[in-house]
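Shown next: upload_17.txt, given as compact mmCIF, C-alpha atoms.
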# COMPACT_ATOMS: atom_id res chain seq x y z
CA MET A 1 206.13 166.23 -0.07
CA THR A 2 208.71 168.77 1.09
CA THR A 3 212.45 168.34 0.86
CA GLN A 4 214.79 169.27 3.68
CA LEU A 5 217.45 171.85 2.83
CA THR A 6 220.21 169.42 3.79
CA GLN A 7 218.81 166.86 1.29
CA LEU A 8 218.59 169.51 -1.41
CA LYS A 9 222.22 170.50 -0.80
CA GLN A 10 223.24 166.84 -0.89
CA ASP A 11 221.40 166.32 -4.19
CA PHE A 12 223.05 169.45 -5.63
CA THR A 13 226.47 168.22 -4.54
CA GLU A 14 225.87 164.84 -6.16
CA SER A 15 224.68 166.52 -9.38
CA LEU A 16 227.74 168.74 -9.59
CA SER A 17 229.93 165.70 -8.92
CA GLN A 18 228.41 164.01 -11.97
CA ILE A 19 228.73 167.17 -14.09
CA SER A 20 232.35 167.44 -12.99
CA ARG A 21 232.97 163.91 -14.18
CA PHE A 22 231.27 164.68 -17.50
CA TRP A 23 233.73 167.55 -18.07
CA GLY A 24 236.66 165.24 -17.30
CA PHE A 25 237.35 166.41 -13.75
CA PRO A 26 237.30 164.27 -10.60
CA LYS A 27 233.91 163.86 -8.91
CA GLY A 28 235.40 165.24 -5.70
CA MET A 29 236.20 168.51 -7.45
CA GLY A 30 232.54 168.95 -8.33
CA ALA A 31 231.48 168.09 -4.78
CA ILE A 32 233.90 170.64 -3.30
CA PHE A 33 232.72 173.35 -5.67
CA ALA A 34 229.07 172.53 -4.89
CA VAL A 35 229.61 172.72 -1.12
CA LEU A 36 231.47 176.01 -1.43
CA TYR A 37 228.94 177.44 -3.88
CA LEU A 38 226.04 176.82 -1.50
CA SER A 39 227.91 178.09 1.55
CA PRO A 40 227.05 181.66 2.60
CA SER A 41 230.57 182.10 4.01
CA PRO A 42 234.05 180.77 3.18
CA LEU A 43 234.87 177.31 4.55
CA SER A 44 238.08 175.82 5.91
CA LEU A 45 239.46 172.50 4.69
CA ASP A 46 238.13 170.83 7.85
CA GLU A 47 234.64 172.16 7.17
CA ILE A 48 234.81 170.96 3.56
CA VAL A 49 235.88 167.51 4.83
CA LYS A 50 232.83 167.45 7.09
CA GLU A 51 230.49 168.45 4.25
CA THR A 52 231.86 166.17 1.51
CA GLY A 53 233.26 163.15 3.34
CA LEU A 54 236.43 163.40 1.26
CA THR A 55 239.88 163.21 2.83
CA LYS A 56 241.68 166.40 3.77
CA GLY A 57 244.54 165.55 1.41
CA ALA A 58 242.18 165.04 -1.53
CA ILE A 59 240.38 168.28 -0.75
CA SER A 60 243.63 170.18 -0.46
CA THR A 61 244.72 168.95 -3.88
CA GLU A 62 241.37 169.62 -5.55
CA VAL A 63 241.02 173.07 -3.96
CA ARG A 64 244.41 174.08 -5.37
CA THR A 65 243.28 172.98 -8.83
CA LEU A 66 239.96 174.81 -8.47
CA ALA A 67 241.83 177.94 -7.32
CA ARG A 68 244.24 177.75 -10.27
CA MET A 69 241.22 177.57 -12.57
CA GLY A 70 239.63 180.60 -10.90
CA LEU A 71 236.65 178.61 -9.65
CA VAL A 72 237.56 178.91 -5.96
CA HIS A 73 239.11 181.82 -4.10
CA ARG A 74 241.21 181.60 -0.95
CA SER A 75 240.78 184.00 1.93
CA SER A 76 241.82 184.24 5.56
CA LYS A 77 240.39 185.48 8.80
CA LEU A 78 242.13 187.79 11.21
CA ALA A 79 243.96 185.90 14.01
CA ASP A 80 243.27 182.55 12.32
CA ARG A 81 246.03 180.60 10.58
CA LYS A 82 243.63 178.50 8.50
CA ASP A 83 242.87 179.21 4.88
CA TYR A 84 239.24 179.57 3.90
CA TYR A 85 237.71 179.00 0.49
CA GLU A 86 234.71 180.29 -1.39
CA ALA A 87 233.36 179.43 -4.82
CA GLU A 88 233.26 181.80 -7.75
CA SER A 89 229.59 182.79 -7.90
CA ASP A 90 229.61 184.11 -11.47
CA PHE A 91 228.72 181.06 -13.58
CA TYR A 92 229.71 182.86 -16.77
CA GLN A 93 233.21 183.31 -15.30
CA SER A 94 233.20 179.68 -14.14
CA ILE A 95 232.27 178.31 -17.55
CA ARG A 96 234.95 180.44 -19.22
CA SER A 97 237.50 179.09 -16.73
CA ILE A 98 236.46 175.50 -17.36
CA LEU A 99 236.54 175.95 -21.13
CA LYS A 100 239.97 177.59 -20.97
CA GLU A 101 241.26 174.73 -18.82
CA ARG A 102 239.80 172.05 -21.08
CA ARG A 103 241.05 173.82 -24.18
CA ASN A 104 244.57 174.06 -22.80
CA SER A 105 245.06 170.45 -21.79
CA GLU A 106 243.47 167.19 -22.87
CA PHE A 107 241.33 168.78 -25.54
CA ASP A 108 244.33 170.17 -27.41
CA ARG A 109 246.11 166.81 -27.16
CA SER A 110 243.04 165.07 -28.58
CA LEU A 111 242.79 167.58 -31.41
CA ARG A 112 246.42 167.06 -32.35
CA ALA A 113 246.18 163.27 -32.13
CA VAL A 114 243.13 162.99 -34.37
CA LYS A 115 244.57 165.52 -36.83
CA GLY A 116 247.82 163.54 -36.97
CA MET A 117 245.96 160.30 -37.67
CA LEU A 118 243.97 161.97 -40.43
CA GLU A 119 247.18 163.31 -41.97
CA LYS A 120 248.69 159.81 -42.00
CA LEU A 121 245.59 158.40 -43.68
CA GLU A 122 245.44 161.20 -46.25
CA ALA A 123 249.18 160.89 -47.02
CA GLY A 124 248.67 157.21 -47.78
CA SER A 125 251.15 156.13 -45.12
CA VAL A 126 248.70 153.67 -43.54
CA SER A 127 248.21 150.32 -45.21
CA GLY A 128 245.23 148.02 -44.95
CA ASN A 129 241.95 147.08 -46.51
CA GLN A 130 240.81 150.02 -48.66
CA ALA A 131 237.19 149.87 -47.50
CA GLU A 132 238.24 149.79 -43.86
CA LEU A 133 240.72 152.64 -44.40
CA GLN A 134 237.91 154.70 -45.95
CA PHE A 135 235.59 153.87 -43.04
CA VAL A 136 238.22 154.86 -40.44
CA HIS A 137 238.96 158.06 -42.37
CA GLU A 138 235.26 159.01 -42.40
CA ARG A 139 234.95 158.35 -38.67
CA LEU A 140 238.09 160.32 -37.81
CA GLN A 141 237.00 163.16 -40.09
CA ALA A 142 233.62 163.31 -38.33
CA LEU A 143 235.39 163.44 -34.98
CA GLN A 144 237.77 166.14 -36.27
CA ASP A 145 234.80 168.19 -37.49
CA PHE A 146 233.19 167.86 -34.05
CA PHE A 147 236.42 168.86 -32.29
CA ASP A 148 236.78 171.85 -34.62
CA ALA A 149 233.23 172.96 -33.83
CA ILE A 150 233.76 172.61 -30.06
CA ASP A 151 237.08 174.44 -30.34
CA SER A 152 235.41 177.29 -32.25
CA LEU A 153 232.62 177.46 -29.66
CA THR A 154 235.17 177.53 -26.85
CA ARG A 155 237.12 180.35 -28.50
CA ALA A 156 233.87 182.28 -29.03
CA VAL A 157 232.82 181.91 -25.37
CA VAL A 158 236.26 183.02 -24.19
CA LYS A 159 236.14 186.03 -26.54
CA LEU A 160 232.73 187.02 -25.15
CA GLU A 161 234.62 187.94 -22.00
CA LYS A 162 235.67 191.18 -23.70
CA LEU A 163 232.03 192.17 -24.21
CA GLY A 164 231.14 191.94 -20.53
CA LEU A 165 228.34 189.92 -18.94
CA GLY A 166 225.67 192.62 -19.38
CA ASN A 167 226.29 192.82 -23.13
CA VAL A 168 226.33 189.02 -23.48
CA LYS A 169 222.98 188.78 -21.68
CA SER A 170 221.59 191.46 -24.02
CA ILE A 171 222.82 189.55 -27.08
CA LEU A 172 221.41 186.25 -25.79
CA GLY A 173 218.09 187.98 -24.96
CA VAL A 174 217.80 189.15 -28.57
CA LEU A 175 218.41 185.59 -29.79
CA LYS A 176 215.54 184.09 -27.75
Once you've parsed the file, please lay out its structure as structure tokens.
Amino acid sequence: MTTQLTQLKQDFTESLSQISRFWGFPKGMGAIFAVLYLSPSPLSLDEIVKETGLTKGAISTEVRTLARMGLVHRSSKLADRKDYYEAESDFYQSIRSILKERRNSEFDRSLRAVKGMLEKLEAGSVSGNQAELQFVHERLQALQDFFDAIDSLTRAVVKLEKLGLGNVKSILGVLK
């Protein structure tokens, strides 16, 4: 059974919408990126509306966020007042942008919140059943360890930027 290209594009858009949600971004943001990524030429907001079914206002908002993150680039055409958008095609650059964005916002807040709760528990400033306090401490410590590992991984990926994509591919090829 063969798949039509339009169906394949639709499936890709839906997949990126789900991935977007996994990373804590709106589904629409993933759909917009997917449509732009599979477009051979930059698209206007009206064309993105047609491809995604999202409202122009929602697309405008999400495109600005994607542009701020470096995942979408704005361009223009001579004698045309519309803005056109294209996706960043370098996935390494895209992942770095996403990790930087995540690291700078909710992730840092979560790290601080869990660390603060652990500090309260360790300082003895939380009262309650000793067994339950120990259980909560173990759970929060496990989460803190996970956050620390993800934070270290994020910092490492961002630092790989200095090596350049060719060098990173060489390093990863050696590790296979």
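For the residues A:Ile59, A:Lys50, A:Leu160, A:Leu43, ranking by smallest atom-to-atom distance to His73 (chain A) using only C-alpha atoms places A:Leu43 first.
Distances here use only C-alpha atoms; by that measure, the residue among A:Ala79, A:Met29, A:Ala123, A:Leu111 closest to Ser60 (chain A) is A:Met29.
For the pair CA of Glu88 (chain A) and CA of Pro42 (chain A), the interatomic distance is 11.0 Å.
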* Structure fact -> Expressed in Å, the length from CA of Ser44 (chain A) to CA of Gln10 (chain A) is 18.6 Å
Give, as JSON, the centre coordinates and the x, y and z edge lengths in Å to one decimal for an axis-aligned box around all listed atoms of region 57-66 of chain A, padded by 4 Å on each side.
{"center_x": 242.3, "center_y": 169.9, "center_z": -3.7, "size_x": 12.8, "size_y": 17.8, "size_z": 18.2}
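Of the residues under consideration (A:Gly116, A:Gly53, A:Gly128, A:Pro40), A:Pro40 shows the shortest atom-to-atom contact distance to Tyr85 (chain A) when counting all atoms listed in the file.
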* **Nearby residues (all atoms listed in the file) at most 10 Å from Ser15 (chain A), same-chain spacing under 6 positions excluded, as number ranges by chain** => A: 9, 21, 27, 30-31, 34
* Structure fact -> As a check of understanding: the span from CA of Thr61 (chain A) to CA of Asp151 (chain A) is 28.1 Å
* To do: Find the spatial neighbours of region 133-149 of chain A, counting only C-alpha atoms, within a cut-off of 8 Å - ignore same-chain residues fewer than 4 positions away - and output them as a PyMOL selection string.
  => chain A and resi 111+114-115+117-118+121+127-129+153
* Structure fact -> Counting all atoms listed in the file, closest pick from A:Ser89, A:Ser41, A:Ser75, A:Thr52 relative to Thr13 (chain A) is A:Thr52
Do a neighbour search on Phe12 (chain A) at 12 Å with all atoms listed in the file, toss out local chain neighbours closer than 4 positions, and write the hits as an mmCIF file with C-alpha atoms, keeping the file's coordinate frame.
data_model
loop_
_atom_site.group_PDB
_atom_site.id
_atom_site.type_symbol
_atom_site.label_atom_id
_atom_site.label_comp_id
_atom_site.auth_asym_id
_atom_site.auth_seq_id
_atom_site.Cartn_x
_atom_site.Cartn_y
_atom_site.Cartn_z
ATOM 1 C CA LEU A 5 217.450 171.850 2.830
ATOM 2 C CA THR A 6 220.210 169.420 3.790
ATOM 3 C CA GLN A 7 218.810 166.860 1.290
ATOM 4 C CA LEU A 8 218.590 169.510 -1.410
ATOM 5 C CA LEU A 16 227.740 168.740 -9.590
ATOM 6 C CA SER A 17 229.930 165.700 -8.920
ATOM 7 C CA GLN A 18 228.410 164.010 -11.970
ATOM 8 C CA ILE A 19 228.730 167.170 -14.090
ATOM 9 C CA GLY A 30 232.540 168.950 -8.330
ATOM 10 C CA ALA A 31 231.480 168.090 -4.780
ATOM 11 C CA ILE A 32 233.900 170.640 -3.300
ATOM 12 C CA PHE A 33 232.720 173.350 -5.670
ATOM 13 C CA ALA A 34 229.070 172.530 -4.890
ATOM 14 C CA VAL A 35 229.610 172.720 -1.120
ATOM 15 C CA LEU A 36 231.470 176.010 -1.430
ATOM 16 C CA TYR A 37 228.940 177.440 -3.880
ATOM 17 C CA LEU A 38 226.040 176.820 -1.500
ATOM 18 C CA THR A 52 231.860 166.170 1.510
#
